[in-house]
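Asker: Questions regarding the structure given below will be posed in turn.
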Amino acid sequence: QPASAANGYDAIKGVDDYMSDPLGVDVHMVPAGITFPSLKDGEDHTRGEGEEDYHTCQILCAANYSWFEIHEEESNEPNASRTGARHAPPHVRRNGQVDYDRIKAAWSARFIEILHWHYPFTKGKVDFINVSTPLTIENYMRPGRGAAVGLDVTPARFVERAELTELDMRHPRILNMWRAGQDYLMCGQVLAAASGVICALRILGPFSSIRFALRSINLLLIAPLFSSPSPSSSTKAKSI
């Protein structure tokens, strides 16, 4: 949280200061989310010989589209020719490419600062960094001005009948049309994927939903009680 004794532990002011000068504010006052995706699989990453050689780290920071807007694609014309698919190389040509690369390099240095501030043991151990901006998100996802989570997560979205009807997985006007994704449940990769499961169960109906729930309970809670340990598990237990 961007709050400290220096600003009276005012997190809101801390965010405002960051948005006013994102590359100049003190590194410990940058509101950032830091996660290590390669550690999320629940496996033992020590291999019995210490840590693995490489891990991935993701750092998320808020950004205004206006900070990068001047560097949109050189041509946004519908019929403009492209030498590759939108979601594949070659690199998208930006207006003022040199300046855009310079800005990304500055953000790269900022992210390294953030990482080293929170995890000092990573100093000297970063081999590669890739910076995505709101322009990157807009290129791949087309959410509208580089929004990271689609529709705004506002209270009205979850309580007002008109919005609930419009954003229901069952389309309010087109018969038999169903929709899934983060805008129909909640933002985030896991919940966006879960919306697909929920949507499928709603299509199948209540009996299929109950059967799905019972099968899940059996697989997660009951079956493990009666299953014998695998040879690899028993071997691993003996080695410990």
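Labels used: A, B, ... for chains in the order of the structure tokens, numbers from 1 for residues in each chain, and numbers from 1 for ligands as shown.
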Pull the strand (DSSP E) assignments for stretch 56-188 of chain A out of DSSP run on the backbone, and list those residues as a PyMOL selection string.

Answerer: chain A and resi 58-61

Asker: As a ChimeraX atom specification, please: the residues near stretch 55-58 of chain A (cut-off 12 Å, only C-alpha atoms, same-chain neighbours under 6 positions excluded).

Answerer: /A:32-40,45-46,111-112,114-116,119,122,125-132

Asker: Skipping near chain neighbours, those fewer than 3 positions away, what residues fall within 12 Å of A:Leu201 using only C-alpha atoms, listed as number ranges by chain?

Answerer: A: 169-170, 178, 180, 194-198, 204-213

Asker: Select, from A:Met29, A:Ile174, A:Ile103, A:Ala223, the residue with the minimum atom-to-atom distance to A:Tyr9, counting only C-alpha atoms.

Answerer: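 The shortest atom-to-atom distance to A:Tyr9 comes from A:Met29.
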
Asker: Could you state the separation of atom CA of A:Leu23 and atom CA of A:Phe68 in Å, given to one decimal place?

Answerer: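 Atom CA of A:Phe68 lies 13.5 Å from atom CA of A:Leu23.
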
Asker: Mind pulling up the distance from atom CA of A:Ala109 to atom CA of A:Pro22?

Answerer: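 Between these atoms lies a distance of 12.2 Å.
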
Asker: Among the residues of chain A, find those DSSP assigns to helix (DSSP H, G or I) from the backbone and print them as a ChimeraX atom specification.

Answerer: /A:5-7,11-20,27-29,37-39,65-67,69-71,97-118,120-122,134-141,156-159,161-166,182-184,189-204,206-226,231-239

Asker: From the set A:Gly181, A:Glu166, A:Leu220, A:Asp26, which residue has the shortest atom-to-atom contact distance to A:Ala193, counting only C-alpha atoms?

Answerer: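 Of A:Gly181, A:Glu166, A:Leu220, A:Asp26, the one nearest A:Ala193 is A:Gly181, counting only C-alpha atoms.
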
Asker: One decimal, in Å: what's the spacing between atom CA of A:Leu175 and atom CA of A:Arg161?

Answerer: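 These two atoms are separated by 19.7 Å.
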
Asker: Name the residues in contact with A:Leu151 at a cut-off of 10 Å, using only C-alpha atoms, excluding same-chain residues fewer than 6 positions from it; report them as a list of chain:residue names.

Answerer: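 Non-adjacent residues within range: A:Pro143, A:Gly144, A:Arg157, A:Gln182, A:Asp183, A:Tyr184, A:Met186, A:Cys187.
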